[in-house]
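Trainee: Provided below: structure_4.cif, containing mmCIF, C-alpha atoms.
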data_coords
#
loop_
_atom_site.label_atom_id
_atom_site.label_comp_id
_atom_site.auth_asym_id
_atom_site.auth_seq_id
_atom_site.Cartn_x
_atom_site.Cartn_y
_atom_site.Cartn_z
CA MET F 300 16.24 -21.92 -40.77
CA LYS F 301 13.80 -19.02 -40.52
CA ILE F 302 13.63 -16.98 -37.31
CA ALA F 303 10.90 -14.36 -36.70
CA ILE F 304 12.22 -11.37 -34.81
CA LYS F 305 10.00 -8.94 -32.95
CA LEU F 306 11.16 -5.40 -32.20
CA PHE F 307 9.63 -3.21 -29.53
CA ALA F 308 9.48 0.38 -28.32
CA GLY F 309 12.47 2.50 -29.44
CA LEU F 310 13.89 -0.30 -31.59
CA ARG F 311 10.63 -0.71 -33.45
CA ASP F 312 10.29 3.03 -33.92
CA ARG F 313 13.80 3.26 -35.41
CA ALA F 314 13.41 0.23 -37.66
CA GLY F 315 10.00 1.38 -38.81
CA THR F 316 8.71 -2.14 -38.31
CA GLY F 317 8.10 -4.51 -35.42
CA ASP F 318 8.66 -7.67 -37.45
CA LEU F 319 11.76 -8.94 -39.21
CA THR F 320 12.54 -12.41 -40.49
CA VAL F 321 16.09 -13.65 -40.83
CA GLU F 322 17.43 -16.76 -42.54
CA LEU F 323 20.17 -18.46 -40.53
CA PRO F 324 22.18 -21.68 -40.75
CA GLY F 325 21.31 -24.46 -38.28
CA GLY F 326 22.97 -24.02 -34.88
CA ALA F 327 22.85 -20.24 -35.08
CA THR F 328 22.57 -18.35 -31.81
CA VAL F 329 20.61 -15.35 -30.60
CA ALA F 330 23.72 -13.24 -31.21
CA ASP F 331 23.83 -14.45 -34.82
CA ALA F 332 20.19 -13.51 -35.27
CA ILE F 333 20.81 -10.04 -33.84
CA ASN F 334 23.75 -9.54 -36.21
CA ALA F 335 21.60 -10.57 -39.15
CA ALA F 336 18.81 -8.25 -38.00
CA GLN F 337 21.25 -5.34 -37.71
CA HIS F 338 22.36 -6.09 -41.27
CA ASN F 339 18.73 -6.10 -42.51
CA ALA F 340 17.79 -2.97 -40.54
CA PRO F 341 20.91 -0.79 -40.46
CA ILE F 342 19.69 1.65 -37.81
CA GLU F 343 21.19 2.98 -34.60
CA TRP F 344 20.75 -0.12 -32.41
CA ILE F 345 20.58 -0.28 -28.65
CA ALA F 346 23.87 -1.19 -26.92
CA PRO F 347 23.95 -4.96 -26.35
CA THR F 348 24.75 -4.32 -22.69
CA ILE F 349 21.22 -3.04 -22.12
CA LEU F 350 19.38 -5.10 -24.75
CA MET F 351 17.64 -8.28 -23.62
CA ALA F 352 16.40 -11.17 -25.71
CA ALA F 353 13.52 -13.60 -25.24
CA VAL F 354 12.74 -16.76 -27.16
CA ASN F 355 9.20 -18.05 -27.01
CA ASN F 356 8.43 -15.69 -24.10
CA GLU F 357 11.43 -16.62 -21.92
CA TYR F 358 14.53 -14.49 -21.43
CA VAL F 359 17.64 -16.13 -22.92
CA ASP F 360 21.37 -15.45 -23.17
CA PHE F 361 22.76 -14.19 -26.47
CA THR F 362 24.71 -17.47 -26.70
CA SER F 363 21.55 -19.61 -26.76
CA ALA F 364 21.00 -21.71 -29.85
CA LEU F 365 17.88 -21.06 -31.88
CA ALA F 366 15.57 -23.63 -33.47
CA ASP F 367 13.57 -23.35 -36.66
CA GLY F 368 10.28 -21.54 -36.00
CA ASP F 369 11.45 -19.75 -32.83
CA GLU F 370 10.09 -16.29 -32.11
CA LEU F 371 12.92 -14.05 -30.96
CA ALA F 372 11.94 -10.83 -29.17
CA LEU F 373 14.50 -8.06 -28.81
CA ILE F 374 13.70 -6.23 -25.63
CA PRO F 375 14.97 -2.71 -24.95
CA PRO F 376 15.14 -1.64 -21.29
CA VAL F 377 11.68 -2.22 -19.88
CA SER F 378 9.92 0.65 -18.13
CA GLY F 379 6.49 -0.48 -17.01
CA GLY F 380 4.81 0.74 -13.86
CA MET E 51 -10.03 20.76 43.32
CA LYS E 52 -12.38 18.77 41.10
CA ILE E 53 -10.93 16.49 38.43
CA ALA E 54 -13.16 14.82 35.81
CA ILE E 55 -11.94 11.32 34.94
CA LYS E 56 -12.92 9.52 31.77
CA LEU E 57 -12.75 5.72 31.55
CA PHE E 58 -12.63 3.79 28.30
CA ALA E 59 -13.02 0.31 26.85
CA GLY E 60 -12.50 -2.48 29.41
CA LEU E 61 -12.14 -0.03 32.29
CA ARG E 62 -15.42 1.65 31.47
CA ASP E 63 -17.15 -1.72 31.11
CA ARG E 64 -15.91 -2.85 34.54
CA ALA E 65 -16.74 0.42 36.28
CA GLY E 66 -20.15 0.55 34.64
CA THR E 67 -19.55 4.21 33.85
CA GLY E 68 -17.25 6.27 31.67
CA ASP E 69 -17.24 9.32 33.92
CA LEU E 70 -16.02 9.77 37.48
CA THR E 71 -15.29 12.95 39.38
CA VAL E 72 -12.79 13.04 42.19
CA GLU E 73 -12.09 15.78 44.72
CA LEU E 74 -8.36 16.24 45.40
CA PRO E 75 -6.17 18.66 47.32
CA GLY E 76 -4.18 21.24 45.32
CA GLY E 77 -0.90 19.86 43.98
CA ALA E 78 -2.33 16.35 43.53
CA THR E 79 -0.86 14.23 40.74
CA VAL E 80 -2.28 11.88 38.13
CA ALA E 81 -1.31 8.99 40.43
CA ASP E 82 -3.31 10.57 43.26
CA ALA E 83 -6.33 10.90 40.99
CA ILE E 84 -6.04 7.25 39.93
CA ASN E 85 -5.87 6.16 43.57
CA ALA E 86 -8.99 8.20 44.35
CA ALA E 87 -10.76 6.74 41.32
CA GLN E 88 -9.87 3.21 42.38
CA HIS E 89 -11.35 4.02 45.80
CA ASN E 90 -14.57 5.33 44.19
CA ALA E 91 -14.84 2.42 41.72
CA PRO E 92 -13.44 -0.62 43.52
CA ILE E 93 -13.19 -2.88 40.47
CA GLU E 94 -10.43 -5.00 39.02
CA TRP E 95 -8.23 -2.25 37.56
CA ILE E 96 -5.73 -2.53 34.75
CA ALA E 97 -2.12 -2.94 35.86
CA PRO E 98 -0.47 0.51 36.00
CA THR E 99 2.36 -0.84 33.83
CA ILE E 100 0.02 -0.99 30.84
CA LEU E 101 -2.33 1.87 31.73
CA MET E 102 -1.72 5.27 30.15
CA ALA E 103 -3.05 8.64 31.20
CA ALA E 104 -3.86 11.77 29.22
CA VAL E 105 -4.69 15.23 30.48
CA ASN E 106 -6.53 17.54 28.13
CA ASN E 107 -5.79 15.18 25.19
CA GLU E 108 -2.04 14.83 25.78
CA TYR E 109 -0.32 11.79 27.26
CA VAL E 110 1.23 12.55 30.68
CA ASP E 111 3.30 10.77 33.32
CA PHE E 112 1.60 9.57 36.48
CA THR E 113 3.76 12.06 38.40
CA SER E 114 2.30 15.08 36.57
CA ALA E 115 0.49 17.63 38.69
CA LEU E 116 -3.17 18.29 37.96
CA ALA E 117 -4.94 21.63 37.85
CA ASP E 118 -8.52 22.42 38.74
CA GLY E 119 -10.81 21.67 35.80
CA ASP E 120 -8.44 19.20 34.08
CA GLU E 121 -9.95 16.29 32.19
CA LEU E 122 -7.99 13.13 32.99
CA ALA E 123 -8.45 10.18 30.62
CA LEU E 124 -7.41 6.70 31.74
CA ILE E 125 -6.34 4.82 28.66
CA PRO E 126 -6.14 1.03 28.56
CA PRO E 127 -3.87 -0.50 25.90
CA VAL E 128 -5.02 0.97 22.59
CA SER E 129 -5.90 -1.40 19.75
CA GLY E 130 -7.06 0.58 16.76
CA GLY E 131 -6.41 -0.45 13.19
CA MET K 67 -8.12 14.39 5.80
CA ILE K 68 -8.92 12.70 9.10
CA LEU K 69 -12.24 10.95 9.53
CA ILE K 70 -13.61 8.94 12.45
CA THR K 71 -17.05 7.64 11.61
CA ASP K 72 -19.57 4.89 12.30
CA GLN K 73 -20.33 4.63 8.59
CA PRO K 74 -18.70 2.20 6.10
CA LEU K 75 -15.37 3.45 4.74
CA ASP K 76 -14.66 4.02 1.06
CA PRO K 77 -10.96 3.66 0.12
CA LYS K 78 -11.52 5.49 -3.17
CA THR K 79 -12.56 8.66 -1.33
CA LEU K 80 -9.24 8.68 0.53
CA ALA K 81 -7.09 7.77 -2.48
CA ASP K 82 -8.77 10.54 -4.49
CA ALA K 83 -8.27 12.99 -1.61
CA VAL K 84 -4.48 12.55 -1.68
CA ARG K 85 -3.71 12.39 -5.41
CA ALA K 86 -2.24 15.37 -7.24
CA ASP K 87 -0.69 15.81 -10.69
CA SER K 88 2.83 15.77 -9.24
CA ASP K 89 2.35 12.33 -7.64
CA GLY K 90 3.54 9.11 -9.25
CA ALA K 91 2.37 6.80 -6.47
CA VAL K 92 -0.70 6.35 -4.31
CA VAL K 93 -0.59 3.62 -1.64
CA THR K 94 -3.80 2.64 0.08
CA PHE K 95 -4.02 0.38 3.12
CA GLU K 96 -7.20 -1.23 4.37
CA GLY K 97 -7.39 -2.87 7.77
CA VAL K 98 -10.15 -5.44 7.59
CA THR K 99 -11.95 -7.54 10.22
CA ARG K 100 -10.55 -11.08 9.95
CA ASN K 101 -12.61 -14.15 10.79
CA HIS K 102 -9.85 -15.45 13.07
CA ASN K 103 -7.50 -14.10 15.74
CA ASP K 104 -5.19 -15.84 18.18
CA GLY K 105 -6.71 -19.20 17.21
CA ARG K 106 -10.28 -18.04 17.93
CA ARG K 107 -13.16 -17.73 15.51
CA VAL K 108 -14.07 -14.02 15.42
CA GLU K 109 -17.70 -13.02 14.92
CA TYR K 110 -17.35 -9.23 14.72
CA LEU K 111 -15.51 -6.30 16.29
CA GLU K 112 -16.61 -3.14 18.03
CA TYR K 113 -14.40 -0.05 18.01
CA GLU K 114 -14.50 2.87 20.38
CA ALA K 115 -12.56 6.14 20.05
CA TYR K 116 -11.73 8.90 22.51
CA ARG K 117 -12.39 12.04 20.61
CA PRO K 118 -11.11 14.65 20.00
CA MET K 119 -7.85 13.17 21.33
CA ALA K 120 -7.89 10.48 18.62
CA ASP K 121 -8.15 13.15 15.89
CA ASP K 122 -5.29 15.12 17.49
CA LYS K 123 -3.04 12.04 17.67
CA LEU K 124 -3.80 11.10 14.06
CA GLN K 125 -2.82 14.61 12.99
CA GLU K 126 0.43 14.30 14.96
CA LEU K 127 1.21 11.01 13.21
CA ILE K 128 0.50 12.53 9.81
CA ASP K 129 2.89 15.37 10.67
CA GLU K 130 5.43 12.78 11.86
CA ILE K 131 5.49 10.81 8.58
CA LYS K 132 5.46 13.98 6.46
CA GLU K 133 8.55 15.11 8.37
CA ARG K 134 10.35 11.81 7.87
CA TRP K 135 9.47 10.78 4.31
CA GLU K 136 9.20 12.62 1.00
CA ILE K 137 5.49 12.23 0.61
CA ASP K 138 2.79 14.54 -0.61
CA ALA K 139 -0.54 14.02 1.17
CA VAL K 140 -2.03 11.63 3.73
CA ALA K 141 -5.62 10.68 4.53
CA VAL K 142 -6.79 8.48 7.41
CA ALA K 143 -10.25 7.15 8.21
CA HIS K 144 -11.15 4.91 11.15
CA ARG K 145 -14.51 3.34 11.70
CA VAL K 146 -16.10 3.06 15.14
CA GLY K 147 -18.98 0.89 16.29
CA ARG K 148 -19.63 -2.60 15.00
CA VAL K 149 -17.46 -3.82 12.11
CA ASP K 150 -18.36 -7.19 10.62
CA ILE K 151 -16.03 -9.80 9.09
CA GLY K 152 -14.67 -8.58 5.76
CA GLU K 153 -15.53 -4.95 6.52
CA THR K 154 -12.88 -2.26 6.64
CA SER K 155 -12.09 -0.60 9.97
CA LEU K 156 -9.14 1.53 8.83
CA VAL K 157 -8.12 3.17 5.57
CA ILE K 158 -4.86 5.03 5.04
CA ALA K 159 -3.91 6.66 1.74
CA VAL K 160 -0.50 8.20 1.05
CA SER K 161 0.61 9.93 -2.14
CA ALA K 162 4.16 10.71 -3.21
CA ALA K 163 6.25 11.44 -6.27
CA HIS K 164 7.94 8.03 -5.83
CA ARG K 165 6.65 4.72 -4.54
CA ARG K 166 9.06 3.67 -1.79
CA PRO K 167 8.43 6.56 0.63
CA ALA K 168 4.68 6.15 0.08
CA PHE K 169 4.86 2.46 1.10
CA GLU K 170 7.18 3.04 4.07
CA ALA K 171 5.24 6.01 5.42
CA ALA K 172 1.89 4.21 5.14
CA LEU K 173 3.17 1.16 7.03
CA HIS K 174 4.74 3.34 9.71
CA LEU K 175 1.50 5.24 10.15
CA VAL K 176 -0.42 2.01 10.79
CA ASP K 177 2.25 0.81 13.24
CA ARG K 178 2.18 4.06 15.19
CA LEU K 179 -1.61 4.31 15.13
CA LYS K 180 -1.75 0.98 16.96
CA GLU K 181 0.60 2.38 19.62
CA VAL K 182 -0.69 5.83 20.44
CA VAL K 183 -4.14 6.63 19.04
CA PRO K 184 -6.85 6.20 21.70
CA ILE K 185 -9.03 3.75 19.82
CA TRP K 186 -10.02 0.38 21.24
CA LYS K 187 -11.23 -2.82 19.69
CA LYS K 188 -13.53 -5.28 21.41
CA GLU K 189 -13.47 -8.71 19.85
CA PHE K 190 -16.65 -10.78 19.89
CA PHE K 191 -15.44 -14.32 19.32
CA GLU K 192 -17.13 -17.67 19.43
CA GLY K 193 -17.96 -18.08 23.12
CA GLY K 194 -16.97 -14.71 24.51
CA GLU K 195 -15.69 -11.18 24.16
CA VAL K 196 -12.52 -9.30 25.08
CA TRP K 197 -10.99 -5.85 24.71
CA ILE K 198 -7.79 -6.52 22.77
CA GLY K 199 -4.69 -5.87 24.90
CA ASP K 200 -6.68 -6.10 28.15
CA PRO K 201 -6.96 -9.83 28.95
CA GLY K 202 -8.68 -9.09 32.27
CA SER K 203 -11.68 -7.81 30.31
CA GLU K 204 -12.45 -11.22 28.84
CA ARG K 205 -15.98 -12.53 29.41
CA THR K 206 -17.29 -15.88 28.33
CA THR K 207 -20.84 -16.17 27.12
CA ALA K 208 -21.43 -19.80 27.92
CA MET Y 214 -6.00 -11.73 -11.59
CA ILE Y 215 -3.76 -10.30 -14.29
CA LEU Y 216 -5.11 -7.65 -16.63
CA ILE Y 217 -3.40 -5.71 -19.41
CA THR Y 218 -5.85 -3.30 -20.96
CA ASP Y 219 -6.18 -0.01 -22.83
CA GLN Y 220 -9.13 0.96 -20.63
CA PRO Y 221 -8.97 3.05 -17.41
CA LEU Y 222 -8.07 1.00 -14.33
CA ASP Y 223 -10.28 0.71 -11.26
CA PRO Y 224 -8.34 -0.01 -8.02
CA LYS Y 225 -11.53 -1.12 -6.24
CA THR Y 226 -11.96 -4.01 -8.68
CA LEU Y 227 -8.52 -5.32 -7.79
CA ALA Y 228 -8.85 -4.76 -4.03
CA ASP Y 229 -12.18 -6.58 -4.08
CA ALA Y 230 -10.68 -9.41 -6.13
CA VAL Y 231 -8.07 -10.19 -3.46
CA ARG Y 232 -10.03 -9.80 -0.22
CA ALA Y 233 -11.24 -12.81 1.74
CA ASP Y 234 -12.68 -13.27 5.23
CA SER Y 235 -9.36 -14.54 6.57
CA ASP Y 236 -7.50 -11.37 5.52
CA GLY Y 237 -6.79 -8.52 7.91
CA ALA Y 238 -4.94 -6.32 5.40
CA VAL Y 239 -5.38 -5.20 1.82
CA VAL Y 240 -2.65 -3.01 0.32
CA THR Y 241 -3.30 -1.29 -2.99
CA PHE Y 242 -0.67 0.50 -5.06
CA GLU Y 243 -1.44 2.84 -7.91
CA GLY Y 244 1.27 4.01 -10.29
CA VAL Y 245 0.12 7.34 -11.69
CA THR Y 246 1.37 9.53 -14.54
CA ARG Y 247 3.25 12.44 -12.95
CA ASN Y 248 3.41 15.87 -14.55
CA HIS Y 249 7.20 15.94 -14.18
CA ASN Y 250 10.15 13.58 -14.68
CA ASP Y 251 13.87 14.20 -14.63
CA GLY Y 252 13.26 17.95 -14.54
CA ARG Y 253 11.02 17.88 -17.64
CA ARG Y 254 7.37 18.81 -17.87
CA VAL Y 255 5.54 15.64 -18.90
CA GLU Y 256 2.48 15.91 -21.14
CA TYR Y 257 1.39 12.26 -21.26
CA LEU Y 258 2.74 8.72 -21.52
CA GLU Y 259 2.20 5.88 -23.92
CA TYR Y 260 2.66 2.29 -22.82
CA GLU Y 261 3.30 -0.75 -24.97
CA ALA Y 262 3.32 -4.39 -23.84
CA TYR Y 263 4.69 -7.55 -25.40
CA ARG Y 264 1.95 -10.06 -24.88
CA PRO Y 265 1.57 -12.83 -23.93
CA MET Y 266 5.09 -12.65 -22.46
CA ALA Y 267 4.08 -9.76 -20.19
CA ASP Y 268 1.22 -11.84 -18.74
CA ASP Y 269 3.59 -14.80 -18.19
CA LYS Y 270 6.16 -12.65 -16.40
CA LEU Y 271 3.50 -11.05 -14.19
CA GLN Y 272 2.32 -14.52 -13.21
CA GLU Y 273 5.91 -15.51 -12.38
CA LEU Y 274 6.28 -12.43 -10.17
CA ILE Y 275 3.01 -13.21 -8.38
CA ASP Y 276 4.30 -16.73 -7.75
CA GLU Y 277 7.60 -15.26 -6.54
CA ILE Y 278 6.06 -13.01 -3.89
CA LYS Y 279 3.60 -15.70 -2.79
CA GLU Y 280 6.58 -17.97 -2.22
CA ARG Y 281 8.48 -15.38 -0.21
CA TRP Y 282 5.80 -13.68 1.91
CA GLU Y 283 2.81 -14.91 3.88
CA ILE Y 284 0.20 -13.32 1.69
CA ASP Y 285 -3.14 -14.49 0.44
CA ALA Y 286 -3.99 -13.17 -3.03
CA VAL Y 287 -2.50 -10.78 -5.59
CA ALA Y 288 -4.03 -8.85 -8.47
CA VAL Y 289 -2.17 -6.79 -11.07
CA ALA Y 290 -3.50 -4.55 -13.82
CA HIS Y 291 -1.40 -2.54 -16.27
CA ARG Y 292 -2.75 -0.07 -18.75
CA VAL Y 293 -1.39 0.25 -22.29
CA GLY Y 294 -1.82 3.05 -24.81
CA ARG Y 295 -2.04 6.70 -23.85
CA VAL Y 296 -2.17 7.54 -20.14
CA ASP Y 297 -2.71 11.18 -19.24
CA ILE Y 298 -1.39 13.10 -16.20
CA GLY Y 299 -3.12 11.93 -13.03
CA GLU Y 300 -4.32 8.72 -14.64
CA THR Y 301 -3.33 5.34 -13.26
CA SER Y 302 -1.09 3.09 -15.35
CA LEU Y 303 -0.56 0.30 -12.79
CA VAL Y 304 -2.62 -1.14 -9.96
CA ILE Y 305 -1.39 -3.86 -7.60
CA ALA Y 306 -3.52 -5.26 -4.78
CA VAL Y 307 -2.21 -7.70 -2.17
CA SER Y 308 -4.19 -9.26 0.67
CA ALA Y 309 -2.79 -10.99 3.75
CA ALA Y 310 -3.71 -11.93 7.30
CA HIS Y 311 -1.22 -9.32 8.55
CA ARG Y 312 -0.15 -5.96 7.17
CA ARG Y 313 3.65 -6.10 6.96
CA PRO Y 314 3.95 -8.91 4.40
CA ALA Y 315 1.23 -7.27 2.31
CA PHE Y 316 3.20 -4.00 2.19
CA GLU Y 317 6.55 -5.66 1.53
CA ALA Y 318 5.24 -8.01 -1.16
CA ALA Y 319 3.41 -5.23 -2.99
CA LEU Y 320 6.50 -3.00 -3.11
CA HIS Y 321 8.67 -5.89 -4.25
CA LEU Y 322 6.22 -6.71 -7.02
CA VAL Y 323 6.40 -3.15 -8.36
CA ASP Y 324 10.21 -3.17 -8.17
CA ARG Y 325 10.45 -6.46 -10.05
CA LEU Y 326 7.82 -5.49 -12.60
CA LYS Y 327 10.01 -2.55 -13.58
CA GLU Y 328 12.95 -4.93 -14.10
CA VAL Y 329 11.55 -7.88 -16.01
CA VAL Y 330 8.06 -7.37 -17.44
CA PRO Y 331 8.21 -6.47 -21.15
CA ILE Y 332 6.26 -3.23 -20.96
CA TRP Y 333 7.62 0.07 -22.23
CA LYS Y 334 6.79 3.67 -21.51
CA LYS Y 335 7.21 6.49 -24.00
CA GLU Y 336 7.26 9.88 -22.40
CA PHE Y 337 5.85 12.82 -24.32
CA PHE Y 338 7.36 15.83 -22.64
CA GLU Y 339 7.40 19.51 -23.42
CA GLY Y 340 9.48 19.69 -26.60
CA GLY Y 341 10.03 16.03 -27.36
CA GLU Y 342 9.51 12.35 -26.71
CA VAL Y 343 11.64 9.47 -25.44
CA TRP Y 344 11.32 5.80 -24.58
CA ILE Y 345 12.32 5.67 -20.91
CA GLY Y 346 15.63 3.81 -20.43
CA ASP Y 347 16.59 4.23 -24.10
CA PRO Y 348 18.12 7.73 -24.39
CA GLY Y 349 19.01 7.13 -28.06
CA SER Y 350 15.28 7.12 -28.85
CA GLU Y 351 14.84 10.76 -27.87
CA ARG Y 352 13.29 13.04 -30.51
CA THR Y 353 12.76 16.74 -30.19
CA THR Y 354 9.66 18.30 -31.69
CA ALA Y 355 10.90 21.83 -32.24
#
Take the structure in the file and write it out as structure tokens.

Mentor:
Amino acid sequence: MKIAIKLFAGLRDRAGTGDLTVELPGGATVADAINAAQHNAPIEWIAPTILMAAVNNEYVDFTSALADGDELALIPPVSGG
Amino acid sequence: MKIAIKLFAGLRDRAGTGDLTVELPGGATVADAINAAQHNAPIEWIAPTILMAAVNNEYVDFTSALADGDELALIPPVSGG
Amino acid sequence: MILITDQPLDPKTLADAVRADSDGAVVTFEGVTRNHNDGRRVEYLEYEAYRPMADDKLQELIDEIKERWEIDAVAVAHRVGRVDIGETSLVIAVSAAHRRPAFEAALHLVDRLKEVVPIWKKEFFEGGEVWIGDPGSERTTA
Amino acid sequence: MILITDQPLDPKTLADAVRADSDGAVVTFEGVTRNHNDGRRVEYLEYEAYRPMADDKLQELIDEIKERWEIDAVAVAHRVGRVDIGETSLVIAVSAAHRRPAFEAALHLVDRLKEVVPIWKKEFFEGGEVWIGDPGSERTTA
């Protein structure tokens, strides 16, 4: 299945793009998608302990299963205000 | 000695005036001045437990001694804001 | 900045008076005339102040919160005279490098103002009037 | 009212959006770009938001504080793009019948916004730039 990944802030700056697409087998998780993204964009990534993920605008655990057509956002530490 | 007394809010409304002057012997206290004022303006006064007094713009105890020329303000419960 | 006036209050004036380039937070409080109080329908309020004692006490309270919290500047304006429903009777603005002290100091200033500043509020409600805090002053206008 | 915009923010618009005749208190918070942070001289900030998730999360936080405190209405505006020193990046306005819940809810909303709303701040300081919270993103501009 195809998963669109959005990168923001420092991650986007390092990758040089805010949009990646990864091809994953059915049943793949958020963690699988992140691994694939790191393979496609071999940059200095943010430690997973401070990285958050959202699917279709809701925060999810890295163990969540993805579905074809999901938009996965990789969210570095937020700092609004 | 002459003490000018200012009345505010509900007290002033009841007395029909905001300004009284009382004549007191030297060494008289705030309590003495209030007694004299109550004699001059025999209205329904505010209970002394909730009445405050200020002399020359500073809160004082009822036992404080007055000096000639002092301005004594009788302050009903405040309710600004 | 301390202002006691019978003119409408403008929160922006106070917020702008306290802000500086080193501040990350500006908290503004407006006290507004509600249309209800203690189960009564309120028609309007009238405020009276004992000046200059009220100005002196406001300055003391500003000094008090500046002593206790890490804040930058404080501005207070209180309206006197008639204040209609929805109109602002009190504005407090506090600036600080960080938000929490600005919030805490502003709330404390309002709390203390209601305890010690010689300003009084007469409530004109449906059917009568009363000086708040002085139940014996209540009059009915049958 | 939730607004994410690259235009300057006007606190009065938000305060006026929340006030109603039954409210006795309106608390307004402005987050402002400080000229210093972490011992560095800040030149300006740039904010980025992930929309529409940021709007959704702000709405959830508004629902959260309305659930927890007795408040009336809430408005939030966040600026994106470049925000210079002294300019306002965030405005929150909360109205309530009484002041304490308005203060507490407004502070809580700012605290939570900084935890969960997908908005990021890049600090351009004297000699470099960094995404706040992401030290690995720091670049020096010699």

Trainee: Which residues are near F:Phe307? Cut-off 10 Å, all atoms listed in the file, ignore same chain within fewer than 2 positions. Put them as a ChimeraX atom specification.

Mentor: /F:305,309-314,316-318,372-375,377 /Y:261-263,331-333

Trainee: Write out as a ChimeraX atom specification every residue belonging to chain K that has an atom at most 9 Å from any atom of chain E, counting only C-alpha atoms.

Mentor: /K:96-98,113-120,122-123,144,155-157,176-177,179-188,196-200,202-204

Trainee: Would you list which chain K residues are within 6 Å of chain Y using only C-alpha atoms, as a PyMOL selection string?

Mentor: chain K and resi 87-101+152

Trainee: At what distance in Å, to one decimal, does atom CA of F:Ile342 lie from atom CA of F:Asp360?

Mentor: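 Between atom CA of F:Asp360 and atom CA of F:Ile342 the gap works out to 22.6 Å.
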
Trainee: Take the PyMOL selection byres ((chain F and resi 303) around 8), run it mentally on this structure, and tell me the resulting residues as a count of residues only.

Mentor: 12

Trainee: Quick one: everything within 10 Å of F:Thr362, counting all atoms listed in the file, minus sequence neighbours fewer than 3 positions away in the same chain. Send it as a PDB file with C-alpha atoms, in the frame of the given file.

Mentor:
ATOM      1  CA  ALA F 327      22.850 -20.240 -35.080  1.00  0.00           C
ATOM      2  CA  THR F 328      22.570 -18.350 -31.810  1.00  0.00           C
ATOM      3  CA  VAL F 329      20.610 -15.350 -30.600  1.00  0.00           C
ATOM      4  CA  ALA F 330      23.720 -13.240 -31.210  1.00  0.00           C
ATOM      5  CA  ASP F 331      23.830 -14.450 -34.820  1.00  0.00           C
ATOM      6  CA  VAL F 359      17.640 -16.130 -22.920  1.00  0.00           C
ATOM      7  CA  LEU F 365      17.880 -21.060 -31.880  1.00  0.00           C
TER       8      LEU F 365
END
